[in-house]
Number of protein chains: 2
Amino acid sequence: MTPLALTMGEPAGIGFEITAAAWSALRGGSTPFFLIGDIRGIRGIPVEEITSPDQAAPAFAEALPVLHRPLPSPITPCHIQPDHAAGVIAAIEDAVRFAKAGSASAVVTNPIQKASLYAAGFPHPGHTEFLGEIAGTGVPAVMMLASPMLRVVPITVHEPLSQAIARLTPELIITHARIAHAALIRDFGIAQPRLAIAGLNPHAGEAGTLGREEIDIIAPAIAALRAEDIDARGPMPPDTMFTAKARPGYDAAICLYHDQALIPIKALDMDGGVNVTLGLSIVRTSPDHGTALDIAGTGRADASSLIAAIRLAAEIAHRRNA
Amino acid sequence: MTPLALTMGEPAGIGFEITAAAWSALRGGSTPFFLIGDIRGIRGIPVEEITSPDQAAPAFAEALPVLHRPLPSPITPCHIQPDHAAGVIAAIEDAVRFAKAGSASAVVTNPIQKASLYAAGFPHPGHTEFLGEIAGTGVPAVMMLASPMLRVVPITVHEPLSQAIARLTPELIITHARIAHAALIRDFGIAQPRLAIAGLNPHAGEAGTLGREEIDIIAPAIAALRAEDIDARGPMPPDTMFTAKARPGYDAAICLYHDQALIPIKALDMDGGVNVTLGLSIVRTSPDHGTALDIAGTGRADASSLIAAIRLAAEIAHRRNA
């Protein structure tokens, strides 16, 4: 059984704790995984040091397999060490290498502390863009947040809202919708995906009286997608497209800005949401939260989102190999 | 017992049906109400024509009291008649007059079809602004959406998103937050209201790296509110402030644009949300949906939001008179 590779993420955050909790929850299941990182970060559960991914599955039921990558200074919850940054990045690179080689079936990343990596010279805005660099396929790496209640794909992410609006083009919508469409078929097993394309303005602009982007940018993108036989609907009024009645009408919502996507999914399901990167050569998921430095080491961290990320990564990997 | 006054709203919409359903659900309770509108619009329940509000309470248990205001042409579900617009507006004016005089304890409005009123020369963007004109108190009429899970106050509403962003000022935030604060005390019985002030940009701008509005506009507004002893918190990251964990931490969220407020409340509770107008001399609520012309007359309309609006109006009226 090919195992999943988990990265340690920020050593001072909750990554080690939630990984230990996820192992305790999933050790009896059919999805073995191993951690890449400093073995000293894991406490309270049995660990087994391994030297290659193929040793993970046989060990998994009895201990968390760890591919030990020692950090140069001690791990203290809540206290970020600048000299840990290189190890954090190397764990991601290792995981991707194993996934590309087929010795890991997928990569599940624990949260990183971006500011700390930037300080060490990391030139990428975040995980998603870094993975686009080292595991790209010629299309943009696209973020999807998936929960049992809703899937959303924000087409702009970490930039000021006014800039995200100014940058909207039909091409940006079309590119992201195509990648989401392909992923829903390949990775989620949906034969004929239905995409809901969000409007930007209140009530999707009310025929231009509350804004022109729906007419000038979004509707032309939808027309182009439909001409490619992609079932794209919209522009949908943003406030009613996420209601309990509307959600069963589509398989993913293509959202125009960060919070249009993240507000509804987090309001509905803070703990069950999983971040999936679409458009990569490998399978990658991650929990839908940050490093939670404020509670690291207190035992209060909730592993639900990491567990959901592991399960979804296993499902997608299984579907790709079936 | 002073009754509530309900307006008929758009005669071709679902207003009559949901009013009849609300009467059936609430006739046994302690909150009498009467409808102002054309009595021929109500079907399937007993009606009693009244000529003044004081006749409503004695009749209420056996029939829906209706202050009959005949329309000049027949009512047909789904088909808007231009000559109905004046009667729709007059019903609102009558209701406000009764509330100001104390013969109605509150006004609950059924949804109107704005385009149809505009065509008849109605000069106000909607109900809220019209009520601000005829029942104002020298402060802006402010929309709150209230449900058992969340209360939100959007400080900009029906305008293009880029314009709403350009129009943000500390004063706009402060004015709305003050009105919300006063209403939470007076109308909702919360002695020390806690206000969560939303950020605008992803992650509330991440210290200016993802947008400056939090630093230049929102934080100064919060500081000014706190100097007035208003418990204002923020700027809150918009995507995490509406999670199940975050919501119990405040009594109302002050939101910067229409969908920042309406996406979460409708995703969480499409049917239970109630629109409350703050800053008026009278109590006014309405259901949190439109005229639903597409299903009018089919019997499929859901009266939950109107019922919630009636209940909340009665609660607020009771609290103001206590």
# chains A, B, ... in the order shown; residues from 1 in each chain; ligands from 1
call {"tool": "closest_atom_pairs", "arguments": {"of": "chain B", "to": "chain A", "cutoff": "9 Å", "atoms": "only C-alpha atoms", "output": "CSV"}}
result
residue,atom,partner,partner_atom,distance
B:Val157,CA,A:Pro202,CA,7.6
B:His158,CA,A:Pro202,CA,6.3
B:Glu159,CA,A:Leu210,CA,4.9
B:Pro160,CA,A:Gly211,CA,4.5
B:Leu161,CA,A:Asn201,CA,5.3
B:Ser162,CA,A:Ser162,CA,6.6
B:Gln163,CA,A:Gly211,CA,8.7
B:Ile165,CA,A:Ser162,CA,7.2
B:Ala166,CA,A:Ser162,CA,8.7
B:Leu200,CA,A:Leu161,CA,7.1
B:Asn201,CA,A:Leu161,CA,5.3
B:Pro202,CA,A:His258,CA,6.2
B:His203,CA,A:His158,CA,8.5
B:Gly205,CA,A:Pro160,CA,7.1
B:Thr209,CA,A:Glu159,CA,8.1
B:Leu210,CA,A:Pro160,CA,4.8
B:Gly211,CA,A:Pro160,CA,4.5
B:Arg212,CA,A:Pro160,CA,8.0
B:Pro238,CA,A:Asp259,CA,6.6
B:Asp239,CA,A:Ile263,CA,4.3
B:Thr240,CA,A:Lys266,CA,6.6
B:Met241,CA,A:Ala267,CA,8.2
B:Phe242,CA,A:Ala267,CA,5.1
B:Thr243,CA,A:Ala267,CA,4.3
B:Ala244,CA,A:Ala267,CA,6.5
B:Lys245,CA,A:Met270,CA,8.3
B:Tyr257,CA,A:Pro202,CA,8.7
B:His258,CA,A:Pro202,CA,6.2
B:Asp259,CA,A:Asp239,CA,5.6
B:Gln260,CA,A:Gln260,CA,7.7
B:Ala261,CA,A:Asp239,CA,8.5
B:Leu262,CA,A:Asp239,CA,5.3
B:Ile263,CA,A:Asp239,CA,4.3
B:Pro264,CA,A:Pro264,CA,5.6
B:Ile265,CA,A:Asp239,CA,8.6
B:Lys266,CA,A:Thr243,CA,5.7
B:Ala267,CA,A:Thr243,CA,4.3
B:Leu268,CA,A:Leu268,CA,6.5
B:Asp269,CA,A:Thr243,CA,7.6
B:Met270,CA,A:Thr243,CA,6.1
call {"tool": "write_last_selection", "arguments": {"atoms": "N, CA, C and O atoms", "output": "short mmCIF file (atom, residue, chain, number, x, y, z; two decimals), in the first residue's frame"}}
result
data_model
loop_
_atom_site.label_atom_id
_atom_site.label_comp_id
_atom_site.auth_asym_id
_atom_site.auth_seq_id
_atom_site.Cartn_x
_atom_site.Cartn_y
_atom_site.Cartn_z
N VAL B 157 -24.69 49.05 0.77
CA VAL B 157 -25.68 48.03 0.38
C VAL B 157 -25.75 47.89 -1.14
O VAL B 157 -24.95 47.19 -1.75
N HIS B 158 -26.66 48.62 -1.74
CA HIS B 158 -26.95 48.38 -3.15
C HIS B 158 -26.17 49.33 -4.05
O HIS B 158 -26.69 50.32 -4.55
N GLU B 159 -24.91 48.98 -4.28
CA GLU B 159 -24.05 49.74 -5.16
C GLU B 159 -22.94 48.80 -5.63
O GLU B 159 -22.71 47.76 -5.02
N PRO B 160 -22.27 49.16 -6.74
CA PRO B 160 -21.19 48.28 -7.22
C PRO B 160 -20.13 48.08 -6.12
O PRO B 160 -19.84 49.00 -5.35
N LEU B 161 -19.55 46.89 -6.07
CA LEU B 161 -18.59 46.58 -5.02
C LEU B 161 -17.40 47.55 -5.05
O LEU B 161 -16.94 48.02 -4.01
N SER B 162 -16.90 47.87 -6.25
CA SER B 162 -15.74 48.78 -6.31
C SER B 162 -16.11 50.16 -5.76
O SER B 162 -15.30 50.82 -5.12
N GLN B 163 -17.35 50.59 -5.99
CA GLN B 163 -17.78 51.89 -5.46
C GLN B 163 -17.93 51.83 -3.94
O GLN B 163 -17.57 52.78 -3.22
N ILE B 165 -16.22 50.07 -1.91
CA ILE B 165 -14.86 50.13 -1.35
C ILE B 165 -14.35 51.57 -1.39
O ILE B 165 -13.78 52.08 -0.41
N ALA B 166 -14.56 52.25 -2.51
CA ALA B 166 -14.06 53.62 -2.66
C ALA B 166 -14.75 54.58 -1.69
O ALA B 166 -14.17 55.59 -1.31
N LEU B 200 -11.66 44.44 5.40
CA LEU B 200 -12.09 44.46 4.00
C LEU B 200 -11.32 43.44 3.17
O LEU B 200 -11.89 42.78 2.31
N ASN B 201 -10.03 43.32 3.43
CA ASN B 201 -9.15 42.53 2.57
C ASN B 201 -8.94 41.13 3.13
O ASN B 201 -9.28 40.87 4.29
N PRO B 202 -8.39 40.22 2.31
CA PRO B 202 -8.10 38.87 2.82
C PRO B 202 -7.28 38.97 4.11
O PRO B 202 -6.34 39.78 4.18
N HIS B 203 -7.63 38.17 5.11
CA HIS B 203 -6.92 38.13 6.39
C HIS B 203 -6.85 39.52 7.03
O HIS B 203 -5.92 39.82 7.77
N GLY B 205 -6.03 42.20 5.72
CA GLY B 205 -4.92 42.98 5.20
C GLY B 205 -3.53 42.52 5.62
O GLY B 205 -2.54 43.01 5.09
N THR B 209 0.07 44.28 4.14
CA THR B 209 0.65 43.64 2.95
C THR B 209 -0.42 43.25 1.94
O THR B 209 -0.13 43.10 0.77
N LEU B 210 -1.67 43.07 2.38
CA LEU B 210 -2.75 42.70 1.46
C LEU B 210 -3.82 43.80 1.38
O LEU B 210 -4.99 43.51 1.16
N GLY B 211 -3.41 45.05 1.57
CA GLY B 211 -4.38 46.14 1.47
C GLY B 211 -4.26 47.07 2.67
O GLY B 211 -3.91 46.65 3.78
N ARG B 212 -4.55 48.35 2.45
CA ARG B 212 -4.30 49.37 3.47
C ARG B 212 -5.56 49.82 4.18
O ARG B 212 -5.49 50.60 5.14
N PRO B 238 -12.24 38.60 7.55
CA PRO B 238 -13.62 38.30 7.15
C PRO B 238 -13.93 36.81 7.05
O PRO B 238 -15.06 36.39 7.32
N ASP B 239 -12.94 36.00 6.69
CA ASP B 239 -13.28 34.58 6.45
C ASP B 239 -13.44 33.78 7.73
O ASP B 239 -14.11 32.76 7.72
N THR B 240 -12.83 34.23 8.81
CA THR B 240 -12.95 33.44 10.04
C THR B 240 -13.92 34.04 11.06
O THR B 240 -14.25 33.40 12.05
N MET B 241 -14.43 35.25 10.82
CA MET B 241 -15.29 35.88 11.82
C MET B 241 -16.70 35.29 11.87
O MET B 241 -17.43 35.53 12.83
N PHE B 242 -17.07 34.51 10.85
CA PHE B 242 -18.43 33.95 10.82
C PHE B 242 -18.45 32.45 11.13
O PHE B 242 -19.46 31.79 10.92
N THR B 243 -17.34 31.91 11.59
CA THR B 243 -17.31 30.49 11.93
C THR B 243 -18.12 30.24 13.20
O THR B 243 -18.38 31.15 13.99
N ALA B 244 -18.49 28.98 13.38
CA ALA B 244 -19.28 28.61 14.56
C ALA B 244 -18.54 28.96 15.85
O ALA B 244 -19.15 29.31 16.85
N LYS B 245 -17.20 28.89 15.82
CA LYS B 245 -16.43 29.24 17.02
C LYS B 245 -16.41 30.73 17.27
O LYS B 245 -16.41 31.18 18.41
N TYR B 257 -19.55 45.57 3.09
CA TYR B 257 -20.28 45.54 1.82
C TYR B 257 -21.37 44.48 1.88
O TYR B 257 -21.33 43.58 2.74
N HIS B 258 -22.34 44.63 0.99
CA HIS B 258 -23.55 43.82 0.93
C HIS B 258 -23.27 42.32 1.14
O HIS B 258 -23.82 41.69 2.04
N ASP B 259 -22.41 41.76 0.30
CA ASP B 259 -22.27 40.31 0.33
C ASP B 259 -21.42 39.82 1.50
O ASP B 259 -21.54 38.67 1.90
N GLN B 260 -20.57 40.67 2.06
CA GLN B 260 -19.83 40.28 3.25
C GLN B 260 -20.81 39.99 4.39
O GLN B 260 -20.57 39.12 5.23
N ALA B 261 -21.93 40.71 4.40
CA ALA B 261 -22.96 40.49 5.41
C ALA B 261 -23.94 39.39 5.00
O ALA B 261 -24.30 38.53 5.80
N LEU B 262 -24.36 39.42 3.74
CA LEU B 262 -25.46 38.55 3.33
C LEU B 262 -25.02 37.12 2.98
O LEU B 262 -25.80 36.19 3.16
N ILE B 263 -23.78 36.96 2.49
CA ILE B 263 -23.33 35.59 2.20
C ILE B 263 -23.38 34.73 3.46
O ILE B 263 -24.00 33.67 3.45
N PRO B 264 -22.77 35.14 4.57
CA PRO B 264 -22.78 34.22 5.72
C PRO B 264 -24.16 34.00 6.31
O PRO B 264 -24.52 32.87 6.65
N ILE B 265 -24.98 35.04 6.43
CA ILE B 265 -26.26 34.83 7.10
C ILE B 265 -27.18 33.97 6.25
O ILE B 265 -27.90 33.10 6.77
N LYS B 266 -27.13 34.14 4.93
CA LYS B 266 -27.99 33.31 4.08
C LYS B 266 -27.44 31.89 3.95
O LYS B 266 -28.21 30.94 3.82
N ALA B 267 -26.12 31.74 3.96
CA ALA B 267 -25.57 30.38 3.92
C ALA B 267 -25.97 29.61 5.18
O ALA B 267 -26.29 28.42 5.13
N LEU B 268 -25.99 30.32 6.31
CA LEU B 268 -26.29 29.66 7.57
C LEU B 268 -27.78 29.45 7.79
O LEU B 268 -28.18 28.46 8.38
N ASP B 269 -28.60 30.39 7.31
CA ASP B 269 -30.00 30.40 7.75
C ASP B 269 -30.86 31.17 6.76
O ASP B 269 -31.30 32.27 7.03
N MET B 270 -31.11 30.55 5.60
CA MET B 270 -31.85 31.25 4.56
C MET B 270 -33.25 31.60 5.01
O MET B 270 -33.78 32.64 4.66
#
call {"tool": "select_by_dssp", "arguments": {"residues": "segment 128-168 of chain B", "states": "strand (DSSP E)", "output": "list in words"}}
result
Val142, Met143, Met144, Leu145, Ala146, Arg151, Val152, Val153 and Pro154 of chain B
call {"tool": "select_by_dssp", "arguments": {"residues": "segment 53-237 of chain B", "states": "alpha helix (DSSP H)", "output": "PyMOL selection string"}}
result
chain B and resi 56-59+85-101+114-119+127-135+161-166+170-186+213+219-227
call {"tool": "atom_distance", "arguments": {"atom1": "atom CA of Ile254 of chain B", "atom2": "atom CA of Val276 of chain B"}}
result
14.2 Å
call {"tool": "residues_around", "arguments": {"residues": "segment 41-44 of chain B", "least_positions_apart": "4", "cutoff": "10 Å", "atoms": "only C-alpha atoms", "output": "ChimeraX atom specification"}}
result
/B:8,11-12,15-21,35,37,64,66,70-71,74-77
call {"tool": "atom_distance", "arguments": {"atom1": "atom CA of Arg319 of chain B", "atom2": "atom CA of Ala99 of chain B"}}
result
15.3 Å
call {"tool": "atom_distance", "arguments": {"atom1": "atom CA of Ala232 of chain A", "atom2": "atom CA of Lys114 of chain B"}}
result
28.8 Å
call {"tool": "residues_around", "arguments": {"residues": "Ile14 of chain A", "least_positions_apart": "5", "cutoff": "8 Å", "atoms": "only C-alpha atoms", "output": "PyMOL selection string"}}
result
chain A and resi 77+291-293+295-297+301
call {"tool": "residues_around", "arguments": {"residues": "Leu67 of chain A", "least_positions_apart": "3", "cutoff": "6 Å", "atoms": "only C-alpha atoms", "output": "PyMOL selection string"}}
result
chain A and resi 36+49-51
call {"tool": "write_last_selection", "arguments": {"atoms": "N, CA, C and O atoms", "output": "compact mmCIF listing (two decimals), in the first residue's frame"}}
result
# COMPACT_ATOMS: atom_id res chain seq x y z
N ILE A 36 7.30 13.62 7.32
CA ILE A 36 8.66 14.06 7.00
C ILE A 36 8.97 15.24 7.90
O ILE A 36 8.31 16.29 7.79
N GLU A 49 11.12 5.49 13.43
CA GLU A 49 11.93 6.16 12.43
C GLU A 49 12.09 5.26 11.23
O GLU A 49 12.43 4.08 11.36
N ILE A 50 11.82 5.81 10.05
CA ILE A 50 12.00 5.05 8.81
C ILE A 50 13.02 5.77 7.95
O ILE A 50 13.30 6.96 8.17
N THR A 51 13.56 5.06 6.97
CA THR A 51 14.54 5.70 6.08
C THR A 51 14.04 5.77 4.65
O THR A 51 14.65 6.44 3.82
call {"tool": "residues_around", "arguments": {"residues": "Ala196 of chain B", "least_positions_apart": "3", "cutoff": "8 Å", "atoms": "only C-alpha atoms", "output": "PDB file with N, CA and C atoms, in the first residue's frame"}}
result
ATOM      1  N   ALA B 232     -16.048  47.743  20.449  1.00  0.00           N
ATOM      2  CA  ALA B 232     -15.846  47.396  19.043  1.00  0.00           C
ATOM      3  C   ALA B 232     -14.538  46.642  18.908  1.00  0.00           C
ATOM      4  N   ARG B 233     -14.591  45.489  18.234  1.00  0.00           N
ATOM      5  CA  ARG B 233     -13.396  44.659  18.070  1.00  0.00           C
ATOM      6  C   ARG B 233     -13.074  44.515  16.598  1.00  0.00           C
ATOM      7  N   GLY B 234     -11.795  44.429  16.252  1.00  0.00           N
ATOM      8  CA  GLY B 234     -11.424  44.203  14.873  1.00  0.00           C
ATOM      9  C   GLY B 234     -10.228  45.055  14.510  1.00  0.00           C
ATOM     10  N   PRO B 235      -9.945  45.222  13.224  1.00  0.00           N
ATOM     11  CA  PRO B 235     -10.633  44.609  12.089  1.00  0.00           C
ATOM     12  C   PRO B 235     -10.480  43.078  12.092  1.00  0.00           C
ATOM     13  N   MET B 236     -11.619  42.376  11.956  1.00  0.00           N
ATOM     14  CA  MET B 236     -11.606  40.921  11.997  1.00  0.00           C
ATOM     15  C   MET B 236     -11.358  40.346  10.596  1.00  0.00           C
ATOM     16  N   TYR B 250     -19.476  37.854  19.639  1.00  0.00           N
ATOM     17  CA  TYR B 250     -19.990  39.210  19.425  1.00  0.00           C
ATOM     18  C   TYR B 250     -21.502  39.175  19.240  1.00  0.00           C
ATOM     19  N   ASP B 251     -22.135  40.343  19.373  1.00  0.00           N
ATOM     20  CA  ASP B 251     -23.590  40.438  19.242  1.00  0.00           C
ATOM     21  C   ASP B 251     -24.028  40.882  17.854  1.00  0.00           C
ATOM     22  N   ALA B 252     -23.176  41.610  17.146  1.00  0.00           N
ATOM     23  CA  ALA B 252     -23.477  41.961  15.755  1.00  0.00           C
ATOM     24  C   ALA B 252     -22.163  42.180  15.025  1.00  0.00           C
ATOM     25  N   ALA B 253     -22.158  41.799  13.744  1.00  0.00           N
ATOM     26  CA  ALA B 253     -21.007  42.050  12.883  1.00  0.00           C
ATOM     27  C   ALA B 253     -21.303  43.274  12.026  1.00  0.00           C
ATOM     28  N   ILE B 254     -20.400  44.253  12.061  1.00  0.00           N
ATOM     29  CA  ILE B 254     -20.519  45.421  11.187  1.00  0.00           C
ATOM     30  C   ILE B 254     -19.731  45.096   9.920  1.00  0.00           C
TER      31      ILE B 254
END
call {"tool": "closest_residue", "arguments": {"among": "B:Pro58, B:Pro65, B:Pro3, B:Gly9", "to": "Ala317 of chain B", "atoms": "only C-alpha atoms"}}
result
B:Pro3
call {"tool": "residues_around", "arguments": {"residues": "Ile310 of chain B", "least_positions_apart": "5", "cutoff": "8 Å", "atoms": "only C-alpha atoms", "output": "list in words"}}
result
Leu4, Val108, Thr285 and Ser286 of chain B
call {"tool": "write_last_selection", "arguments": {"atoms": "N, CA and C atoms", "output": "short mmCIF file (atom, residue, chain, number, x, y, z; two decimals), in the first residue's frame"}}
result
data_model
loop_
_atom_site.label_atom_id
_atom_site.label_comp_id
_atom_site.auth_asym_id
_atom_site.auth_seq_id
_atom_site.Cartn_x
_atom_site.Cartn_y
_atom_site.Cartn_z
N LEU B 4 -49.82 44.29 15.27
CA LEU B 4 -48.81 44.65 14.28
C LEU B 4 -49.51 44.91 12.96
N VAL B 108 -44.56 45.33 9.72
CA VAL B 108 -43.87 44.22 9.07
C VAL B 108 -44.23 44.30 7.59
N THR B 285 -39.76 45.39 10.67
CA THR B 285 -39.03 44.19 10.23
C THR B 285 -39.62 43.74 8.89
N SER B 286 -38.90 42.85 8.24
CA SER B 286 -39.42 42.24 7.02
C SER B 286 -38.72 40.92 6.79
#
call {"tool": "closest_residue", "arguments": {"among": "B:Glu228, B:Asp288, B:Asp187, B:Asp54", "to": "Phe98 of chain B", "atoms": "only C-alpha atoms"}}
result
B:Asp54
call {"tool": "closest_residue", "arguments": {"among": "B:Gly199, B:Gly138, B:Gly299, B:Gly102", "to": "Leu168 of chain B", "atoms": "only C-alpha atoms"}}
result
B:Gly199
call {"tool": "closest_residue", "arguments": {"among": "A:Ile316, A:Glu62, A:Leu145, A:Ser304", "to": "Gly29 of chain A", "atoms": "only C-alpha atoms"}}
result
A:Glu62
